[in-house]
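Shown next: entry.csv, given as CSV, N, CA and C atoms.
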chain,number,residue,atom,x,y,z
A,278,ARG,N,-6.3,-1.3,-1.5
A,278,ARG,CA,-5.6,-1.3,-2.8
A,278,ARG,C,-5.6,0.1,-3.4
A,279,ILE,N,-4.5,0.5,-4.0
A,279,ILE,CA,-4.4,1.8,-4.6
A,279,ILE,C,-4.7,1.7,-6.1
A,280,VAL,N,-5.7,2.5,-6.5
A,280,VAL,CA,-6.0,2.5,-8.0
A,280,VAL,C,-5.2,3.6,-8.6
A,281,PRO,N,-4.5,3.4,-9.6
A,281,PRO,CA,-4.2,2.2,-10.4
A,281,PRO,C,-2.8,1.6,-10.2
A,282,ASP,N,-2.6,1.1,-9.0
A,282,ASP,CA,-1.3,0.4,-8.7
A,282,ASP,C,-1.5,-1.1,-9.1
A,283,PHE,N,-1.2,-1.3,-10.4
A,283,PHE,CA,-1.5,-2.7,-10.9
A,283,PHE,C,-0.6,-3.7,-10.4
A,284,ASN,N,0.7,-3.4,-10.1
A,284,ASN,CA,1.6,-4.4,-9.6
A,284,ASN,C,1.7,-4.5,-8.1
A,285,GLY,N,1.0,-3.7,-7.4
A,285,GLY,CA,0.9,-3.8,-5.9
A,285,GLY,C,2.1,-3.3,-5.2
A,286,ASP,N,2.9,-2.4,-5.7
A,286,ASP,CA,4.1,-1.9,-5.0
A,286,ASP,C,3.9,-0.7,-4.2
A,287,LEU,N,2.6,-0.3,-4.1
A,287,LEU,CA,2.2,0.9,-3.3
A,287,LEU,C,2.6,2.2,-4.0
A,288,MET,N,2.9,2.2,-5.3
A,288,MET,CA,3.3,3.4,-6.0
A,288,MET,C,2.6,3.3,-7.4
A,289,VAL,N,2.2,4.5,-7.9
A,289,VAL,CA,1.7,4.5,-9.3
A,289,VAL,C,2.8,5.2,-10.1
A,290,ASN,N,3.4,4.4,-10.9
A,290,ASN,CA,4.6,4.8,-11.6
A,290,ASN,C,4.7,4.2,-13.0
A,291,ALA,N,5.9,4.3,-13.6
A,291,ALA,CA,6.1,3.8,-15.0
A,291,ALA,C,5.9,2.3,-15.1
A,292,THR,N,6.1,1.6,-14.0
A,292,THR,CA,5.8,0.1,-14.1
A,292,THR,C,4.3,-0.1,-14.4
A,293,ASP,N,3.5,0.6,-13.7
A,293,ASP,CA,2.0,0.5,-13.9
A,293,ASP,C,1.6,0.9,-15.3
A,294,LEU,N,2.3,2.0,-15.8
A,294,LEU,CA,2.0,2.5,-17.1
A,294,LEU,C,2.4,1.4,-18.2
A,295,ALA,N,3.5,0.7,-17.9
A,295,ALA,CA,4.0,-0.4,-18.8
A,295,ALA,C,3.0,-1.5,-18.8
A,296,ILE,N,2.4,-1.8,-17.7
A,296,ILE,CA,1.4,-2.9,-17.6
A,296,ILE,C,0.2,-2.5,-18.4
A,297,MET,N,-0.2,-1.3,-18.3
A,297,MET,CA,-1.4,-0.8,-19.0
A,297,MET,C,-1.1,-0.8,-20.5
A,298,LYS,N,0.1,-0.3,-20.9
A,298,LYS,CA,0.5,-0.2,-22.3
A,298,LYS,C,0.4,-1.6,-22.9
A,299,HIS,N,0.9,-2.6,-22.2
A,299,HIS,CA,0.9,-4.0,-22.8
A,299,HIS,C,-0.5,-4.5,-23.0
A,300,SER,N,-1.5,-4.1,-22.2
A,300,SER,CA,-2.9,-4.5,-22.3
A,300,SER,C,-3.8,-3.6,-23.0
A,301,TYR,N,-3.3,-2.4,-23.4
A,301,TYR,CA,-4.2,-1.3,-23.9
A,301,TYR,C,-5.0,-1.9,-25.1
A,302,GLY,N,-6.3,-1.6,-25.0
A,302,GLY,CA,-7.2,-2.1,-26.1
A,302,GLY,C,-7.8,-3.5,-25.9
A,303,ALA,N,-7.3,-4.2,-24.8
A,303,ALA,CA,-7.7,-5.5,-24.6
A,303,ALA,C,-9.1,-5.5,-23.8
A,304,ALA,N,-9.9,-6.5,-24.1
A,304,ALA,CA,-11.2,-6.7,-23.4
A,304,ALA,C,-11.1,-7.9,-22.5
A,305,GLY,N,-11.8,-7.9,-21.4
A,305,GLY,CA,-11.9,-9.1,-20.6
A,305,GLY,C,-10.7,-9.3,-19.7
A,306,VAL,N,-9.9,-8.2,-19.5
A,306,VAL,CA,-8.8,-8.4,-18.6
A,306,VAL,C,-9.2,-7.8,-17.2
A,307,GLY,N,-8.4,-8.1,-16.2
A,307,GLY,CA,-8.7,-7.7,-14.8
A,307,GLY,C,-7.8,-6.5,-14.4
A,308,PHE,N,-8.0,-6.1,-13.2
A,308,PHE,CA,-7.3,-5.0,-12.6
A,308,PHE,C,-5.8,-5.1,-12.8
A,309,GLU,N,-5.2,-6.3,-12.5
A,309,GLU,CA,-3.8,-6.5,-12.6
A,309,GLU,C,-3.2,-6.3,-13.9
A,310,LEU,N,-4.0,-6.2,-15.0
A,310,LEU,CA,-3.5,-6.0,-16.3
A,310,LEU,C,-3.9,-4.6,-16.9
A,311,GLY,N,-4.4,-3.7,-16.0
A,311,GLY,CA,-4.6,-2.4,-16.4
A,311,GLY,C,-6.0,-1.9,-16.5
A,312,ASP,N,-7.0,-2.7,-16.1
A,312,ASP,CA,-8.4,-2.2,-16.1
A,312,ASP,C,-8.7,-1.5,-14.8
A,313,ALA,N,-8.4,-0.2,-14.7
A,313,ALA,CA,-8.5,0.5,-13.4
A,313,ALA,C,-9.9,0.7,-13.0
A,314,ASN,N,-10.9,0.8,-13.9
A,314,ASN,CA,-12.3,1.1,-13.6
A,314,ASN,C,-13.2,-0.1,-13.6
A,315,ALA,N,-12.6,-1.3,-13.8
A,315,ALA,CA,-13.3,-2.6,-13.8
A,315,ALA,C,-14.5,-2.7,-14.7
A,316,ASP,N,-14.3,-2.1,-15.9
A,316,ASP,CA,-15.4,-2.2,-16.9
A,316,ASP,C,-15.1,-3.2,-18.0
A,317,GLY,N,-14.0,-4.0,-17.8
A,317,GLY,CA,-13.7,-5.1,-18.7
A,317,GLY,C,-12.8,-4.6,-19.9
A,318,LEU,N,-12.5,-3.4,-20.0
A,318,LEU,CA,-11.7,-2.8,-21.1
A,318,LEU,C,-10.5,-2.0,-20.6
A,319,VAL,N,-9.4,-2.1,-21.2
A,319,VAL,CA,-8.3,-1.2,-20.9
A,319,VAL,C,-8.3,-0.2,-22.0
A,320,ASP,N,-8.7,1.0,-21.6
A,320,ASP,CA,-8.9,2.1,-22.6
A,320,ASP,C,-8.5,3.4,-22.1
A,321,ALA,N,-9.0,4.5,-22.8
A,321,ALA,CA,-8.6,5.8,-22.5
A,321,ALA,C,-9.1,6.2,-21.1
A,322,THR,N,-10.2,5.7,-20.6
A,322,THR,CA,-10.7,6.0,-19.3
A,322,THR,C,-9.7,5.5,-18.2
A,323,ASP,N,-9.2,4.3,-18.4
A,323,ASP,CA,-8.2,3.7,-17.5
A,323,ASP,C,-6.9,4.5,-17.5
A,324,LEU,N,-6.5,5.0,-18.7
A,324,LEU,CA,-5.3,5.8,-18.9
A,324,LEU,C,-5.5,7.1,-18.1
A,325,ALA,N,-6.7,7.7,-18.2
A,325,ALA,CA,-7.0,9.0,-17.5
A,325,ALA,C,-6.9,8.8,-16.0
A,326,ILE,N,-7.3,7.6,-15.5
A,326,ILE,CA,-7.2,7.3,-14.1
A,326,ILE,C,-5.8,7.2,-13.7
A,327,LEU,N,-5.0,6.5,-14.5
A,327,LEU,CA,-3.6,6.3,-14.2
A,327,LEU,C,-2.9,7.7,-14.2
A,328,LYS,N,-3.2,8.5,-15.2
A,328,LYS,CA,-2.6,9.8,-15.3
A,328,LYS,C,-2.9,10.7,-14.1
A,329,ALA,N,-4.1,10.7,-13.6
A,329,ALA,CA,-4.5,11.5,-12.4
A,329,ALA,C,-3.8,11.0,-11.2
A,330,SER,N,-3.3,9.8,-11.1
A,330,SER,CA,-2.7,9.2,-9.9
A,330,SER,C,-1.2,9.1,-10.0
A,331,PHE,N,-0.7,9.3,-11.2
A,331,PHE,CA,0.7,9.1,-11.5
A,331,PHE,C,1.6,9.8,-10.5
A,332,GLY,N,2.6,9.1,-9.9
A,332,GLY,CA,3.5,9.6,-9.0
A,332,GLY,C,3.1,9.4,-7.5
A,333,PHE,N,1.9,8.9,-7.3
A,333,PHE,CA,1.4,8.7,-6.0
A,333,PHE,C,2.1,7.6,-5.3
A,334,GLU,N,2.5,7.7,-4.0
A,334,GLU,CA,3.1,6.7,-3.2
A,334,GLU,C,2.2,6.6,-1.9
A,335,ALA,N,1.9,5.4,-1.5
A,335,ALA,CA,1.2,5.2,-0.3
A,335,ALA,C,2.0,5.6,0.9
A,336,PRO,N,1.5,6.2,1.9
A,336,PRO,CA,2.3,6.6,3.1
A,336,PRO,C,2.6,5.3,3.8
A,337,THR,N,3.8,5.3,4.4
A,337,THR,CA,4.2,4.1,5.2
A,337,THR,C,4.2,4.6,6.6
A,338,GLY,N,3.6,3.8,7.5
A,338,GLY,CA,3.6,4.1,8.9
A,338,GLY,C,4.9,3.8,9.6
A,339,ALA,N,5.1,4.5,10.7
A,339,ALA,CA,6.3,4.2,11.4
A,339,ALA,C,6.2,2.9,12.1
A,340,VAL,N,7.2,2.1,12.1
A,340,VAL,CA,7.2,0.8,12.7
A,340,VAL,C,8.1,0.9,13.9
A,341,PRO,N,7.6,0.7,15.1
A,341,PRO,CA,8.5,0.8,16.3
A,341,PRO,C,9.5,-0.4,16.3
A,342,GLU,N,10.7,-0.1,16.7
A,342,GLU,CA,11.8,-1.1,16.7
A,342,GLU,C,11.5,-2.1,17.9
A,343,PRO,N,11.9,-3.3,17.7
A,343,PRO,CA,11.6,-4.4,18.7
A,343,PRO,C,12.2,-4.0,20.1
A,344,ALA,N,13.3,-3.3,20.2
A,344,ALA,CA,13.9,-3.0,21.4
A,344,ALA,C,13.0,-2.1,22.3
A,345,PHE,N,12.3,-1.2,21.6
A,345,PHE,CA,11.3,-0.4,22.4
A,345,PHE,C,10.3,-1.2,23.1
A,346,ALA,N,9.7,-2.2,22.4
A,346,ALA,CA,8.7,-3.0,23.1
A,346,ALA,C,9.3,-3.7,24.3
A,347,SER,N,10.5,-4.2,24.2
A,347,SER,CA,11.2,-4.9,25.3
A,347,SER,C,11.3,-3.9,26.5
A,348,MET,N,11.8,-2.7,26.2
A,348,MET,CA,12.0,-1.7,27.3
A,348,MET,C,10.7,-1.4,27.9
A,349,LEU,N,9.6,-1.3,27.1
A,349,LEU,CA,8.3,-1.0,27.7
A,349,LEU,C,7.8,-2.1,28.6
A,350,LEU,N,8.0,-3.3,28.2
A,350,LEU,CA,7.6,-4.4,29.1
A,350,LEU,C,8.4,-4.5,30.4
A,351,LEU,N,9.7,-4.3,30.3
A,351,LEU,CA,10.6,-4.2,31.5
A,351,LEU,C,10.2,-3.1,32.4
A,352,GLY,N,9.9,-2.0,31.9
A,352,GLY,CA,9.5,-0.8,32.7
A,352,GLY,C,8.1,-1.1,33.4
A,353,ALA,N,7.2,-1.7,32.7
A,353,ALA,CA,5.9,-2.0,33.3
A,353,ALA,C,6.1,-3.1,34.4
A,354,GLY,N,7.0,-4.0,34.2
A,354,GLY,CA,7.2,-5.1,35.2
A,354,GLY,C,7.8,-4.4,36.4
A,355,ALA,N,8.8,-3.5,36.3
A,355,ALA,CA,9.4,-2.8,37.4
A,355,ALA,C,8.4,-2.0,38.2
A,356,LEU,N,7.5,-1.3,37.5
A,356,LEU,CA,6.4,-0.6,38.2
A,356,LEU,C,5.5,-1.5,39.0
A,357,LEU,N,5.1,-2.6,38.4
A,357,LEU,CA,4.3,-3.5,39.1
A,357,LEU,C,4.9,-4.1,40.4
A,358,ARG,N,6.2,-4.4,40.3
A,358,ARG,CA,7.0,-5.0,41.4
A,358,ARG,C,7.1,-3.9,42.5
A,359,LYS,N,7.3,-2.7,42.1
A,359,LYS,CA,7.5,-1.6,43.1
A,359,LYS,C,6.1,-1.4,43.8
A,360,ARG,N,5.0,-1.4,43.0
A,360,ARG,CA,3.7,-1.2,43.6
A,360,ARG,C,3.4,-2.3,44.6
A,361,ARG,N,3.7,-3.5,44.3
A,361,ARG,CA,3.4,-4.7,45.2
A,361,ARG,C,4.2,-4.6,46.5
A,362,SER,N,5.5,-4.2,46.4
A,362,SER,CA,6.3,-4.1,47.6
A,362,SER,C,6.0,-3.0,48.5
A,363,SER,N,5.3,-2.0,48.0
A,363,SER,CA,4.9,-0.8,48.8
A,363,SER,C,3.6,-1.0,49.5
A,364,VAL,N,2.9,-2.1,49.1
A,364,VAL,CA,1.5,-2.3,49.7
A,364,VAL,C,1.6,-3.1,51.0
Can I see the file as structure tokens?
Amino acid sequence: RIVPDFNGDLMVNATDLAIMKHSYGAAGVGFELGDANADGLVDATDLAILKASFGFEAPTGAVPEPAFASMLLLGAGALLRKRRSSV
């Protein structure tokens, strides 16, 4: 989990600020409502945490396309058949 990504979209942006703004000054709220440091209050400390991370986006890993996996399996099968026939 990215602190303070309150809406879980892997970015710290204006949406997270809006969530915090709505709950600012509230007590007894959780992370999803803007309590970045889990002290039970949405306050200046939480705002400072959001400010320090504002604009952050989680890196996304490269996802191999399904065709690559198929080609890899076919190639491995061909190598195994060739190895068996040469023995």
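The list of residues with at least one atom within 8 Å of Ile296 (chain A), based on only N, CA and C atoms and without residues fewer than 3 positions apart in the same chain, reads Phe283, Asn284, Asn290, Ala291, Thr292, Asp293, His299, Ser300, Tyr301, Glu309, Leu310, Gly311 and Asp312 of chain A.
Compared by their closest atoms to Met297 (chain A), and using all atoms listed in the file, the residues A:Val319, A:Leu351, A:Leu357, A:Val280 rank with A:Val319 nearest.
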What lies within 9 Å of Leu318 (chain A) using only C-alpha atoms, ignoring chain neighbours under 5 positions off, as a PyMOL selection string?
-> chain A and resi 301-307+311-313+323
File of the preceding selection, N, CA and C atoms, as a PDB file, in the frame of the given file:
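Listed below is the output, out-v2.pdb:
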ATOM      1  N   TYR A 301      -3.300  -2.400 -23.400  1.00  0.00           N
ATOM      2  CA  TYR A 301      -4.200  -1.300 -23.900  1.00  0.00           C
ATOM      3  C   TYR A 301      -5.000  -1.900 -25.100  1.00  0.00           C
ATOM      4  N   GLY A 302      -6.300  -1.600 -25.000  1.00  0.00           N
ATOM      5  CA  GLY A 302      -7.200  -2.100 -26.100  1.00  0.00           C
ATOM      6  C   GLY A 302      -7.800  -3.500 -25.900  1.00  0.00           C
ATOM      7  N   ALA A 303      -7.300  -4.200 -24.800  1.00  0.00           N
ATOM      8  CA  ALA A 303      -7.700  -5.500 -24.600  1.00  0.00           C
ATOM      9  C   ALA A 303      -9.100  -5.500 -23.800  1.00  0.00           C
ATOM     10  N   ALA A 304      -9.900  -6.500 -24.100  1.00  0.00           N
ATOM     11  CA  ALA A 304     -11.200  -6.700 -23.400  1.00  0.00           C
ATOM     12  C   ALA A 304     -11.100  -7.900 -22.500  1.00  0.00           C
ATOM     13  N   GLY A 305     -11.800  -7.900 -21.400  1.00  0.00           N
ATOM     14  CA  GLY A 305     -11.900  -9.100 -20.600  1.00  0.00           C
ATOM     15  C   GLY A 305     -10.700  -9.300 -19.700  1.00  0.00           C
ATOM     16  N   VAL A 306      -9.900  -8.200 -19.500  1.00  0.00           N
ATOM     17  CA  VAL A 306      -8.800  -8.400 -18.600  1.00  0.00           C
ATOM     18  C   VAL A 306      -9.200  -7.800 -17.200  1.00  0.00           C
ATOM     19  N   GLY A 307      -8.400  -8.100 -16.200  1.00  0.00           N
ATOM     20  CA  GLY A 307      -8.700  -7.700 -14.800  1.00  0.00           C
ATOM     21  C   GLY A 307      -7.800  -6.500 -14.400  1.00  0.00           C
ATOM     22  N   GLY A 311      -4.400  -3.700 -16.000  1.00  0.00           N
ATOM     23  CA  GLY A 311      -4.600  -2.400 -16.400  1.00  0.00           C
ATOM     24  C   GLY A 311      -6.000  -1.900 -16.500  1.00  0.00           C
ATOM     25  N   ASP A 312      -7.000  -2.700 -16.100  1.00  0.00           N
ATOM     26  CA  ASP A 312      -8.400  -2.200 -16.100  1.00  0.00           C
ATOM     27  C   ASP A 312      -8.700  -1.500 -14.800  1.00  0.00           C
ATOM     28  N   ALA A 313      -8.400  -0.200 -14.700  1.00  0.00           N
ATOM     29  CA  ALA A 313      -8.500   0.500 -13.400  1.00  0.00           C
ATOM     30  C   ALA A 313      -9.900   0.700 -13.000  1.00  0.00           C
ATOM     31  N   ASP A 323      -9.200   4.300 -18.400  1.00  0.00           N
ATOM     32  CA  ASP A 323      -8.200   3.700 -17.500  1.00  0.00           C
ATOM     33  C   ASP A 323      -6.900   4.500 -17.500  1.00  0.00           C
TER      34      ASP A 323
END
Please report, as a VMD selection string, each residue of chain A to which DSSP assigns helix (DSSP H, G or I) when run on this structure's backbone.
-> chain A and resid 291 to 300 308 to 310 321 to 330 343 to 362
Record the distance separating atom N of Met288 (chain A) and atom N of Asn314 (chain A), expressed in Å with one decimal.
->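 Distance between the two atoms: 16.3 Å.
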Leu287 (chain A) environment, 9 Å, only C-alpha atoms, sequence neighbours closer than 4 positions dropped, as a count of residues only | 7
By how many Å are CA of Ala329 (chain A) and atom N of Leu294 (chain A) apart?
-> 12.2 Å
What gap, in Å, lies between atom N of Asp286 (chain A) and atom N of Ala344 (chain A)?
->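 Value for the atom N of Asp286 (chain A)-atom N of Ala344 (chain A) distance: 27.9 Å.
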